[in-house]
Structure formats: C-alpha cells, structure tokens
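Shown next: run24.txt, given as compact mmCIF, C-alpha atoms.
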# COMPACT_ATOMS: atom_id res chain seq x y z
CA MET A 1 10.13 -4.81 5.36
CA SER A 2 9.53 -2.74 8.43
CA SER A 3 6.09 -2.69 9.98
CA ARG A 4 3.70 -0.35 8.18
CA THR A 5 1.57 1.54 10.65
CA HIS A 6 -0.38 3.28 7.86
CA ARG A 7 -2.36 0.19 7.00
CA PHE A 8 -5.65 -0.66 8.64
CA SER A 9 -5.89 -4.14 10.11
CA LEU A 10 -6.40 -6.81 7.50
CA LEU A 11 -9.45 -7.72 9.53
CA THR A 12 -11.19 -4.43 8.80
CA ALA A 13 -11.12 -1.88 6.03
CA ALA A 14 -8.39 -2.77 3.56
CA GLY A 15 -9.71 -3.24 0.06
CA LEU A 16 -13.30 -4.00 0.97
CA LEU A 17 -15.55 -5.47 -1.68
CA VAL A 18 -18.70 -5.86 0.34
CA VAL A 19 -21.41 -7.58 -1.66
CA ALA A 20 -24.44 -9.54 -0.59
CA GLY A 21 -23.55 -13.14 0.08
CA THR A 22 -19.80 -12.73 -0.42
CA LEU A 23 -18.81 -13.71 3.08
CA THR A 24 -21.24 -16.57 3.39
CA ALA A 25 -19.98 -17.98 0.11
CA CYS A 26 -16.44 -18.21 1.39
CA GLY A 27 -16.74 -21.20 3.67
CA GLU A 28 -14.41 -21.81 6.57
CA LYS A 29 -10.83 -20.68 6.48
CA GLY A 30 -8.28 -23.23 5.43
CA SER A 31 -4.79 -23.94 6.62
CA SER A 32 -1.74 -25.49 5.08
CA GLY A 33 -2.97 -28.24 2.79
CA THR A 34 -6.67 -27.91 3.57
CA ALA A 35 -9.38 -27.75 0.96
CA ALA A 36 -10.68 -24.51 -0.52
CA PRO A 37 -14.13 -23.18 0.44
CA ALA A 38 -16.77 -25.65 -0.69
CA THR A 39 -18.60 -23.15 -2.91
CA ALA A 40 -15.45 -22.26 -4.83
CA THR A 41 -15.84 -24.91 -7.48
CA ALA A 42 -12.41 -24.98 -9.04
CA ALA A 43 -13.36 -26.60 -12.33
CA GLY A 44 -10.22 -25.55 -14.21
CA ALA A 45 -6.87 -27.24 -14.09
CA GLY A 46 -5.22 -24.31 -12.30
CA CYS A 47 -1.50 -23.64 -11.97
CA ALA A 48 0.49 -25.71 -9.49
CA PRO A 49 3.09 -23.77 -7.48
CA GLU A 50 6.52 -23.24 -9.05
CA LYS A 51 9.49 -22.77 -6.73
CA GLY A 52 11.62 -19.69 -7.23
CA ASP A 53 13.48 -16.97 -5.35
CA VAL A 54 12.32 -14.09 -7.58
CA LEU A 55 8.81 -12.89 -6.72
CA VAL A 56 6.68 -10.67 -8.95
CA VAL A 57 3.56 -8.63 -8.23
CA LEU A 58 0.62 -9.15 -10.58
CA THR A 59 -1.19 -5.95 -11.54
CA ASP A 60 -4.57 -5.50 -9.84
CA ASP A 61 -6.19 -4.45 -13.11
CA LYS A 62 -9.75 -4.53 -11.76
CA LYS A 63 -8.82 -2.45 -8.69
CA LEU A 64 -9.81 -4.90 -5.99
CA GLN A 65 -7.62 -3.08 -3.46
CA ASN A 66 -8.12 0.44 -2.16
CA ALA A 67 -5.88 3.10 -3.70
CA ASP A 68 -3.20 3.68 -1.07
CA ASN A 69 -1.14 6.04 -3.21
CA VAL A 70 1.42 8.21 -1.47
CA VAL A 71 0.08 11.75 -0.97
CA ALA A 72 1.22 14.74 1.08
CA VAL A 73 -1.10 16.09 3.78
CA VAL A 74 -0.35 19.62 4.98
CA ASN A 75 -1.50 21.84 7.81
CA THR A 76 -3.67 24.31 5.91
CA ALA A 77 -2.59 27.36 7.92
CA LYS A 78 1.05 26.64 7.04
CA SER A 79 0.44 25.62 3.45
CA SER A 80 1.63 27.75 0.54
CA PRO A 81 2.01 27.40 -3.24
CA ALA A 82 5.77 26.99 -2.81
CA LEU A 83 5.35 24.23 -0.24
CA LEU A 84 2.79 22.33 -2.31
CA ALA A 85 4.93 22.69 -5.42
CA ALA A 86 7.87 21.09 -3.59
CA VAL A 87 5.98 18.06 -2.26
CA ASP A 88 4.08 17.68 -5.53
CA LYS A 89 7.42 17.52 -7.37
CA VAL A 90 8.31 14.54 -5.20
CA ALA A 91 4.94 12.96 -6.02
CA ALA A 92 5.47 13.44 -9.73
CA ALA A 93 8.85 11.68 -9.58
CA LEU A 94 7.57 8.57 -7.82
CA ASP A 95 5.84 5.43 -9.00
CA THR A 96 5.57 2.03 -7.35
CA PRO A 97 8.70 0.49 -8.94
CA LYS A 98 10.72 3.53 -7.82
CA LEU A 99 9.28 3.24 -4.32
CA VAL A 100 10.25 -0.44 -4.29
CA ALA A 101 13.79 0.59 -5.34
CA LEU A 102 13.95 3.18 -2.55
CA ASN A 103 12.84 0.57 -0.03
CA LYS A 104 15.41 -1.88 -1.39
CA ALA A 105 18.15 0.72 -0.95
CA VAL A 106 17.26 0.96 2.74
CA ASP A 107 16.04 -2.56 3.60
CA ILE A 108 18.47 -4.64 1.57
CA ASP A 109 21.39 -2.39 0.62
CA ARG A 110 21.39 -0.98 4.18
CA LYS A 111 21.61 2.68 3.23
CA THR A 112 20.11 5.23 5.57
CA PRO A 113 16.80 6.81 4.48
CA ALA A 114 18.62 10.16 4.13
CA VAL A 115 21.28 8.69 1.81
CA ALA A 116 18.72 6.78 -0.28
CA ALA A 117 16.60 9.93 -0.58
CA LYS A 118 19.59 12.08 -1.59
CA GLU A 119 20.62 9.65 -4.32
CA PHE A 120 17.06 9.52 -5.64
CA ALA A 121 16.69 13.30 -5.53
CA ASP A 122 19.94 13.80 -7.43
CA ALA A 123 18.99 11.21 -10.07
CA ASN A 124 15.51 12.68 -10.56
CA GLY A 125 16.21 16.41 -10.34
CA LEU A 126 14.06 16.97 -7.27
CA THR A 127 16.03 19.99 -6.09
CA THR A 128 15.87 22.01 -9.32
CA GLY A 129 13.32 24.61 -10.38
CA LEU A 130 11.86 25.17 -6.90
CA SER A 131 11.68 28.55 -5.17
CA GLY A 132 9.52 30.90 -3.13
CA GLY A 133 9.78 29.18 0.23
CA SER A 134 10.85 30.65 3.56
CA GLY A 135 10.65 29.79 7.22
CA ALA A 136 10.77 26.57 9.20
CA VAL A 137 8.92 23.46 8.05
CA VAL A 138 8.55 20.26 10.08
CA VAL A 139 8.19 17.12 7.98
CA GLY A 140 6.65 14.22 9.86
CA ALA A 141 7.48 10.54 9.45
CA ALA A 142 5.84 7.44 10.88
CA GLY A 143 7.72 4.63 12.57
CA PHE A 144 8.82 2.63 9.53
CA ALA A 145 11.59 3.08 6.98
CA GLU A 146 9.46 3.86 3.93
CA SER A 147 7.78 6.78 5.69
CA VAL A 148 11.14 8.16 6.85
CA THR A 149 12.58 7.93 3.32
CA LEU A 150 9.58 9.77 1.87
CA ALA A 151 9.93 12.43 4.56
CA GLU A 152 13.60 12.85 3.63
CA LEU A 153 12.56 13.38 -0.01
CA TYR A 154 10.12 16.10 1.09
CA LYS A 155 12.86 17.69 3.20
CA LEU A 156 15.25 17.89 0.26
CA ALA A 157 12.67 19.41 -2.06
CA LEU A 158 11.48 21.90 0.58
CA ASN A 159 15.01 23.01 1.39
CA ALA A 160 15.65 23.50 -2.33
CA ALA A 161 12.56 25.73 -2.45
CA GLY A 162 13.97 27.97 0.30
CA PHE A 163 12.40 26.48 3.42
CA LYS A 164 14.33 25.28 6.46
CA ALA A 165 12.96 21.76 6.71
CA THR A 166 13.61 19.19 9.40
CA VAL A 167 12.25 15.66 9.82
CA LYS A 168 10.41 14.72 13.00
CA LYS A 169 9.69 11.04 13.59
CA SER A 170 6.38 10.07 15.14
CA THR A 171 4.55 6.83 15.85
CA ASN A 172 1.04 6.01 14.65
CA ARG A 173 -1.66 8.00 12.89
CA GLU A 174 -3.65 8.51 16.10
CA VAL A 175 -0.66 10.49 17.39
CA TYR A 176 0.63 12.34 14.34
CA GLU A 177 -2.63 13.32 12.61
CA PRO A 178 -3.73 15.61 15.48
CA ALA A 179 -0.19 17.04 15.52
CA ILE A 180 -0.61 18.04 11.86
CA GLU A 181 -3.95 19.67 12.72
CA ARG A 182 -2.26 21.67 15.50
CA GLY A 183 0.59 22.72 13.21
CA GLU A 184 3.26 20.94 15.23
CA ILE A 185 3.94 18.98 12.04
CA THR A 186 3.67 20.92 8.79
CA VAL A 187 3.55 18.15 6.21
CA PHE A 188 3.39 14.36 6.26
CA PRO A 189 3.73 11.63 3.58
CA GLU A 190 0.44 9.78 3.79
CA TYR A 191 -1.48 6.99 2.03
CA ALA A 192 -4.65 8.13 0.29
CA ALA A 193 -7.23 5.43 1.02
CA THR A 194 -6.09 4.72 4.56
CA LEU A 195 -6.06 8.42 5.50
CA THR A 196 -9.47 8.84 3.87
CA GLU A 197 -10.99 6.09 6.01
CA PHE A 198 -9.20 7.31 9.14
CA LEU A 199 -10.73 10.77 8.75
CA ASN A 200 -14.05 9.31 7.60
CA GLN A 201 -14.33 7.30 10.81
CA LYS A 202 -13.10 10.25 12.87
CA ALA A 203 -15.84 12.42 11.38
CA ASN A 204 -18.65 9.88 11.09
CA GLY A 205 -17.94 7.12 13.58
CA LYS A 206 -16.37 3.68 13.40
CA ASP A 207 -19.33 2.32 11.45
CA ALA A 208 -19.17 4.99 8.75
CA GLN A 209 -19.78 3.75 5.23
CA GLN A 210 -16.48 3.40 3.38
CA VAL A 211 -15.75 6.17 0.88
CA ALA A 212 -12.26 5.14 -0.30
CA SER A 213 -11.99 2.81 -3.28
CA GLY A 214 -9.58 1.41 -5.83
CA ASP A 215 -10.03 4.57 -7.91
CA ILE A 216 -7.42 7.09 -6.79
CA ASP A 217 -9.27 10.07 -8.28
CA ALA A 218 -12.50 9.15 -6.52
CA THR A 219 -10.61 8.48 -3.29
CA ILE A 220 -8.90 11.88 -3.38
CA ALA A 221 -12.26 13.52 -4.13
CA ALA A 222 -13.66 11.86 -0.99
CA LEU A 223 -10.55 12.75 1.03
CA LYS A 224 -10.43 16.48 0.32
CA PRO A 225 -13.63 17.55 2.15
CA LEU A 226 -12.73 15.31 5.08
CA ALA A 227 -9.27 16.89 5.21
CA GLU A 228 -10.76 20.39 5.05
CA LYS A 229 -12.95 19.56 8.05
CA TYR A 230 -9.78 19.06 10.08
CA LYS A 231 -7.92 22.03 8.57
CA LEU A 232 -5.72 19.88 6.37
CA THR A 233 -4.74 20.32 2.73
CA VAL A 234 -4.01 17.40 0.41
CA GLY A 235 -1.32 17.46 -2.26
CA THR A 236 -1.32 15.74 -5.64
CA PRO A 237 -1.24 11.95 -5.25
CA SER A 238 1.78 10.05 -6.49
CA ALA A 239 1.60 7.07 -8.83
CA ALA A 240 3.47 5.18 -6.09
CA ALA A 241 1.25 3.00 -3.93
CA ASP A 242 1.87 0.85 -0.88
CA GLN A 243 -1.17 -1.39 -0.64
CA ASN A 244 -2.24 -5.00 -0.51
CA ALA A 245 -1.20 -6.91 -3.63
CA PHE A 246 -0.80 -10.46 -4.88
CA ALA A 247 2.48 -12.01 -6.02
CA THR A 248 3.71 -15.21 -7.60
CA THR A 249 7.13 -16.53 -8.54
CA LYS A 250 8.78 -15.32 -11.72
CA ALA A 251 9.02 -18.98 -12.71
CA LEU A 252 5.24 -19.40 -12.64
CA ALA A 253 4.58 -15.99 -14.20
CA ASP A 254 6.96 -16.77 -17.07
CA LYS A 255 5.56 -20.27 -17.57
CA TYR A 256 2.00 -19.01 -18.05
CA GLY A 257 2.63 -15.47 -19.31
CA LEU A 258 1.15 -13.75 -16.24
CA LYS A 259 1.24 -9.97 -15.86
CA THR A 260 -2.12 -9.21 -14.22
CA LEU A 261 -4.63 -10.85 -11.93
CA SER A 262 -6.91 -11.14 -14.96
CA ASP A 263 -4.16 -13.21 -16.60
CA PHE A 264 -4.07 -15.43 -13.53
CA ALA A 265 -7.85 -15.81 -13.70
CA ALA A 266 -7.74 -16.77 -17.37
CA LYS A 267 -4.88 -19.26 -17.08
CA CYS A 268 -4.68 -20.42 -13.45
CA ASN A 269 -8.29 -20.63 -12.24
CA GLY A 270 -8.65 -24.13 -10.87
CA LYS A 271 -7.80 -27.01 -8.60
CA ALA A 272 -4.02 -26.97 -8.84
CA SER A 273 -3.77 -23.33 -7.74
CA VAL A 274 -2.99 -22.60 -4.09
CA LEU A 275 -3.54 -19.23 -2.39
CA ALA A 276 -1.42 -18.17 0.61
CA GLY A 277 -2.28 -15.44 3.07
CA PRO A 278 -3.13 -14.65 6.69
CA PRO A 279 -5.64 -16.82 8.57
CA GLU A 280 -8.46 -14.34 7.91
CA CYS A 281 -7.89 -14.33 4.13
CA PRO A 282 -10.66 -16.86 3.29
CA GLN A 283 -13.22 -14.64 5.03
CA ARG A 284 -12.10 -11.15 4.05
CA PRO A 285 -13.43 -9.40 0.93
CA PHE A 286 -10.06 -7.94 -0.07
CA CYS A 287 -8.48 -11.42 -0.12
CA GLN A 288 -9.88 -14.80 -1.26
CA PRO A 289 -13.56 -13.72 -1.59
CA GLY A 290 -12.45 -10.59 -3.43
CA LEU A 291 -10.40 -12.60 -5.91
CA LEU A 292 -13.44 -14.76 -6.55
CA GLN A 293 -15.88 -11.85 -6.77
CA ALA A 294 -13.75 -9.46 -8.85
CA TYR A 295 -11.79 -11.91 -10.98
CA GLY A 296 -13.61 -15.25 -10.76
CA ILE A 297 -10.50 -16.98 -9.40
CA ASN A 298 -11.04 -20.30 -7.63
CA PHE A 299 -8.33 -22.15 -5.73
CA GLY A 300 -7.99 -25.81 -4.91
CA ASN A 301 -6.28 -25.14 -1.58
CA PHE A 302 -5.44 -22.38 0.87
CA PHE A 303 -2.02 -22.23 2.57
CA GLN A 304 -2.19 -20.39 5.89
CA ALA A 305 0.70 -17.95 6.20
CA ASP A 306 0.87 -14.26 7.24
CA ALA A 307 -0.04 -10.80 5.97
CA GLY A 308 2.61 -10.11 3.35
CA GLY A 309 5.45 -11.25 5.56
CA PRO A 310 8.13 -13.95 5.40
CA LEU A 311 5.64 -16.82 5.64
CA SER A 312 3.63 -15.67 2.63
CA LYS A 313 6.72 -14.93 0.57
CA GLY A 314 8.30 -18.18 1.71
CA SER A 315 5.23 -20.13 0.63
CA LEU A 316 5.87 -18.94 -2.93
CA LYS A 317 9.62 -19.50 -2.88
CA ASN A 318 9.26 -23.00 -1.42
CA GLY A 319 6.58 -24.11 -3.86
CA ASN A 320 3.69 -24.25 -1.39
CA ALA A 321 1.54 -21.55 -3.05
CA SER A 322 0.78 -20.28 -6.53
CA LEU A 323 -0.32 -16.82 -5.38
CA ALA A 324 0.18 -14.97 -2.09
CA LEU A 325 -0.91 -11.75 -0.42
CA VAL A 326 1.95 -9.22 -0.20
CA PHE A 327 2.45 -5.43 -0.03
CA SER A 328 2.97 -3.65 -3.33
CA SER A 329 6.08 -1.67 -2.31
CA ASP A 330 7.89 -4.57 -0.61
CA SER A 331 11.58 -4.26 -1.44
CA SER A 332 11.87 -7.97 -2.21
CA LEU A 333 9.33 -7.85 -5.05
CA THR A 334 9.42 -6.81 -8.70
CA PRO A 335 6.63 -5.99 -11.18
CA ALA A 336 5.57 -8.85 -13.46
Conversion result in structure tokens:
Amino acid sequence: MSSRTHRFSLLTAAGLLVVAGTLTACGEKGSSGTAAPATATAAGAGCAPEKGDVLVVLTDDKKLQNADNVVAVVNTAKSSPALLAAVDKVAAALDTPKLVALNKAVDIDRKTPAVAAKEFADANGLTTGLSGGSGAVVVGAAGFAESVTLAELYKLALNAAGFKATVKKSTNREVYEPAIERGEITVFPEYAATLTEFLNQKANGKDAQQVASGDIDATIAALKPLAEKYKLTVGTPSAAADQNAFATTKALADKYGLKTLSDFAAKCNGKASVLAGPPECPQRPFCQPGLLQAYGINFGNFFQADAGGPLSKGSLKNGNASLALVFSSDSSLTPA
C-alpha cells in the first residue's frame, strides 16, 4: 500500500505498552534465523510457518495496539450539525473490512479514489437522507491513497447534504493540522490515536505522557479536550481502523483454528513459532515485548523484515515466519 503518513514512527508511540522491566526482558534484536530473546522461554511446541499466498489478520482481542479508528476532525468555526451529520454517516458505513475493500479497489483494481468512493457511496446509501448544508467546504486529504479515498467519501456525503465540497490534497500532519485550525481546510479524515498523541505532544511537549490507548471510547474522550484547545471538533469515530496488526497465512490459521491473537497464544506459543517485523520489533512494546506481555506469546526465532511492507508479508508467504507485523487496512489482507 501507499505510505501512511498518519502513523507515528514504529520507534516511538505506536501501541505502547510501557511496563516496568518490559524492555530489559526483551534481549537483543534478532535477524533472519537468529534466536529469540533469551528470557522468552518458548516451552511450547509452537506453530512452524506454513507457506501461502492468502494472508489473514488475527484480531487484537486484548487491544495491544492503539485505537487508530478513522474519525473526522473539523474546524470548529465552520462546523455545523449538517456537516457533522454528513461525515458521521460516512463513519457509520465503514468498518475495517470495508476499508480494506476500498483500498483494494484503488491499490489492486487500479480504480481512482473518486471512482472507488462513488461505488461505495452508491452501494451504502451515503448520499440519501442528508440535508441542511450550504456554502463551500474544503475536505483535506493526506499524501496516500486511503486518505484521498476517505476524503472523496466525505465530499460525496457533503455535496448530498447541500454543501459545495472540494478535495484539497496536503502532505503531512505538521502541515495540514494547522491549516484545519486556520480554516483553510474545513474537515479532514483522521486517525484517532495518532491525532490524539500529535495534539497531546503539541500541547504538553514531546515527553507528554501518552493518553491514547487501545480503547476507542477512552481515546476519543482524551482527544476531544485536546481538539477543543486548538479550535477543532471531532466527529463520531468509525469502526474502521488503520493500525498496527499481526497476520499469518490462511493455511496456518486454518490448520490451528486461529481467529485472534489469544488463539495464537493458546495454540502457537513456543519454539517452532517465528515472528517477523522491523529491526526494532524485539525492543518495542507494541511488537514482540507487547505480544509477550499482553498475550504471553513466546517465539523460537525472529525474522528481520520491515514494518508491514513486502518483506514482512513475503516472510509469511514464503514460509519464513508464523506471524508478522502488518497494517490492519492493507488491501492484500483479509480478516481471519
């Protein structure tokens, strides 16, 4: 998929599970074929990798990762009930499998974001029952396809409500967030946890204690006062999320009956299991230490790959890893 500028560096805030001793218990990072951290005593048999081209995401049922659900952020001075109703209708129509399908339409089927959005809007009735809008609205989009597609969905709903909406592409959050504050951009499709921590650090400094979490309700509750500080209004979060996730092959999931990370812990904790991810994964609380802390999953080996990219997905397909770090809305993945 296209680069996602909404996500903090994997080296910093994503999905933190900071607990005393977690990092020191992780040992040194591995690489392809190297041993797991010494303290991760993989006593179980584990699940050896199974080759396969179909990759499935296992549900993060204990909420290890921060809740990066799609949510609209609006310039408060330009907000209105009609505008919020339009973007909230988009939110209500989306969930993660539908977001994956939208991304597939653009990334794999090669449709434009506008065409993919129109087809989705028609199929889900996004342009019906909306009214009360008037005047020009600028919908912002970041520099990757998913953001542009979401912006096109907002545009369709807003136009149906009576606004004259246009899409304006931007770059990164450091550029577009101040533009929303100034009213140059009216509304933007954002990601709840990442926006929360961006505004948290803007308000309280780079060392501010994290307030986002894996609980979307708690994250939105933390986000709203931060947004108000910068004259922003937050819409209703969607069930669709684009966040760190863990995938395996359908072959391995079917063999062991895996749907969730708790399933993986119960059936695949042990020496034969191999985790793939970026080089920092063995040290970072959202990755290997988080899987150990939250789920009790030990691995026999770590396969050094990348952050949800072709190397991590390839490690699964080629039978080098049992589980790999991915992004939940990646168009090449399916739910387990």
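For the residues A:Ala82, A:Ala208, A:Cys287, A:Ala123, ranking by smallest atom-to-atom distance to Asn159 (chain A) using all atoms listed in the file places A:Ala82 first.
With CA of Ala307 (chain A) on one side and CA of Leu55 (chain A) on the other, the separation reads 15.6 Å.
Nearest to Thr76 (chain A) of all the residues A:Ala157, A:Leu199, A:Val234, A:Val148 is A:Val234, counting all atoms listed in the file.
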Please determine the residues with any atom at most 6 Å from (-2.8, 21.2, 10.7) (coordinates as given in the file, with all atoms listed in the file counting) and report them as a PyMOL selection string. chain A and resi 75-76+180-183+231-232
So that I can see what lies close to Ile297 (chain A), please list as a PyMOL selection string the residues with an atom at most 6 Å from it, counting only C-alpha atoms and leaving out residues fewer than 3 positions away in the same chain. chain A and resi 265+269+291-292
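Taking CA of Val211 (chain A) as the reference point, CA of Phe198 (chain A) is found at 10.6 Å.
Restricting the calculation to only C-alpha atoms, the smallest distance between Gly46 (chain A) and any of A:Ala247, A:Leu323, A:Leu153, A:Ala86 is found for A:Leu323.
Taking only C-alpha atoms into account, Ala67 (chain A) lies nearest to A:Thr194 out of the set A:Ser147, A:Thr96, A:Asn124, A:Thr194.
Among the candidates A:Thr334, A:Pro49, A:Ala92, A:Phe163, the one nearest to Ala276 (chain A) when counting only C-alpha atoms is A:Pro49.
Minimum atom-to-atom distance to Lys89 (chain A), evaluated using only C-alpha atoms, belongs to A:Pro237 out of A:Val139, A:Lys111, A:Pro237, A:Val274.
CA of Pro289 (chain A) is found 25.3 Å from CA of Lys51 (chain A).
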Quick one: residues within 12 Å of Gly257 (chain A), only C-alpha atoms, excluding same-chain residues fewer than 2 positions away - as a VMD selection string? chain A and resid 47 58 248 to 255 259 to 268 336
Residues near Ala179 (chain A), cut-off 12 Å, all atoms listed in the file, skip fewer than 4 positions along chain, as a list in words: Val73, Val74, Asn75, Val138, Val139, Gly140, Ala141, Lys168, Lys169, Ser170, Thr171, Asn172, Arg173, Glu174, Val175, Gly183, Glu184, Ile185, Thr186, Val187, Phe188, Tyr230, Lys231 and Leu232 of chain A
Could you add whatever atoms are missing so that region 193-211 of chain A carries N, CA and C atoms, then write the result as a PDB file, keeping the file's coordinate frame?
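Final file, selection.pdb:
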ATOM      1  N   ALA A 193      -6.019   6.135   0.584  1.00  0.00           N
ATOM      2  CA  ALA A 193      -7.230   5.430   1.020  1.00  0.00           C
ATOM      3  C   ALA A 193      -7.264   5.265   2.539  1.00  0.00           C
ATOM      4  N   THR A 194      -6.121   4.933   3.119  1.00  0.00           N
ATOM      5  CA  THR A 194      -6.090   4.720   4.560  1.00  0.00           C
ATOM      6  C   THR A 194      -6.364   6.018   5.314  1.00  0.00           C
ATOM      7  N   LEU A 195      -5.771   7.134   4.860  1.00  0.00           N
ATOM      8  CA  LEU A 195      -6.060   8.420   5.500  1.00  0.00           C
ATOM      9  C   LEU A 195      -7.527   8.796   5.305  1.00  0.00           C
ATOM     10  N   THR A 196      -8.062   8.536   4.133  1.00  0.00           N
ATOM     11  CA  THR A 196      -9.470   8.840   3.870  1.00  0.00           C
ATOM     12  C   THR A 196     -10.370   8.130   4.875  1.00  0.00           C
ATOM     13  N   GLU A 197     -10.141   6.841   5.079  1.00  0.00           N
ATOM     14  CA  GLU A 197     -10.990   6.090   6.010  1.00  0.00           C
ATOM     15  C   GLU A 197     -10.735   6.467   7.459  1.00  0.00           C
ATOM     16  N   PHE A 198      -9.496   6.840   7.779  1.00  0.00           N
ATOM     17  CA  PHE A 198      -9.200   7.310   9.140  1.00  0.00           C
ATOM     18  C   PHE A 198     -10.012   8.561   9.443  1.00  0.00           C
ATOM     19  N   LEU A 199      -9.979   9.535   8.533  1.00  0.00           N
ATOM     20  CA  LEU A 199     -10.730  10.770   8.750  1.00  0.00           C
ATOM     21  C   LEU A 199     -12.231  10.556   8.620  1.00  0.00           C
ATOM     22  N   ASN A 200     -12.636   9.645   7.745  1.00  0.00           N
ATOM     23  CA  ASN A 200     -14.050   9.310   7.600  1.00  0.00           C
ATOM     24  C   ASN A 200     -14.608   8.776   8.914  1.00  0.00           C
ATOM     25  N   GLN A 201     -13.875   7.855   9.534  1.00  0.00           N
ATOM     26  CA  GLN A 201     -14.330   7.300  10.810  1.00  0.00           C
ATOM     27  C   GLN A 201     -14.219   8.323  11.939  1.00  0.00           C
ATOM     28  N   LYS A 202     -13.225   9.184  11.858  1.00  0.00           N
ATOM     29  CA  LYS A 202     -13.100  10.250  12.870  1.00  0.00           C
ATOM     30  C   LYS A 202     -14.293  11.191  12.790  1.00  0.00           C
ATOM     31  N   ALA A 203     -14.728  11.494  11.569  1.00  0.00           N
ATOM     32  CA  ALA A 203     -15.840  12.420  11.380  1.00  0.00           C
ATOM     33  C   ALA A 203     -17.194  11.774  11.593  1.00  0.00           C
ATOM     34  N   ASN A 204     -17.324  10.505  11.179  1.00  0.00           N
ATOM     35  CA  ASN A 204     -18.650   9.880  11.090  1.00  0.00           C
ATOM     36  C   ASN A 204     -18.823   8.626  11.926  1.00  0.00           C
ATOM     37  N   GLY A 205     -17.822   8.279  12.712  1.00  0.00           N
ATOM     38  CA  GLY A 205     -17.940   7.120  13.580  1.00  0.00           C
ATOM     39  C   GLY A 205     -17.329   5.870  12.978  1.00  0.00           C
ATOM     40  N   LYS A 206     -17.055   4.898  13.828  1.00  0.00           N
ATOM     41  CA  LYS A 206     -16.370   3.680  13.400  1.00  0.00           C
ATOM     42  C   LYS A 206     -17.182   2.872  12.398  1.00  0.00           C
ATOM     43  N   ASP A 207     -18.492   3.061  12.387  1.00  0.00           N
ATOM     44  CA  ASP A 207     -19.330   2.320  11.450  1.00  0.00           C
ATOM     45  C   ASP A 207     -19.652   3.104  10.189  1.00  0.00           C
ATOM     46  N   ALA A 208     -18.907   4.164   9.935  1.00  0.00           N
ATOM     47  CA  ALA A 208     -19.170   4.990   8.750  1.00  0.00           C
ATOM     48  C   ALA A 208     -19.015   4.169   7.479  1.00  0.00           C
ATOM     49  N   GLN A 209     -19.871   4.433   6.519  1.00  0.00           N
ATOM     50  CA  GLN A 209     -19.780   3.750   5.230  1.00  0.00           C
ATOM     51  C   GLN A 209     -18.477   4.130   4.547  1.00  0.00           C
ATOM     52  N   GLN A 210     -17.772   3.135   4.007  1.00  0.00           N
ATOM     53  CA  GLN A 210     -16.480   3.400   3.380  1.00  0.00           C
ATOM     54  C   GLN A 210     -16.633   4.290   2.164  1.00  0.00           C
ATOM     55  N   VAL A 211     -15.721   5.257   2.024  1.00  0.00           N
ATOM     56  CA  VAL A 211     -15.750   6.170   0.880  1.00  0.00           C
ATOM     57  C   VAL A 211     -14.497   6.044   0.011  1.00  0.00           C
TER      58      VAL A 211
END
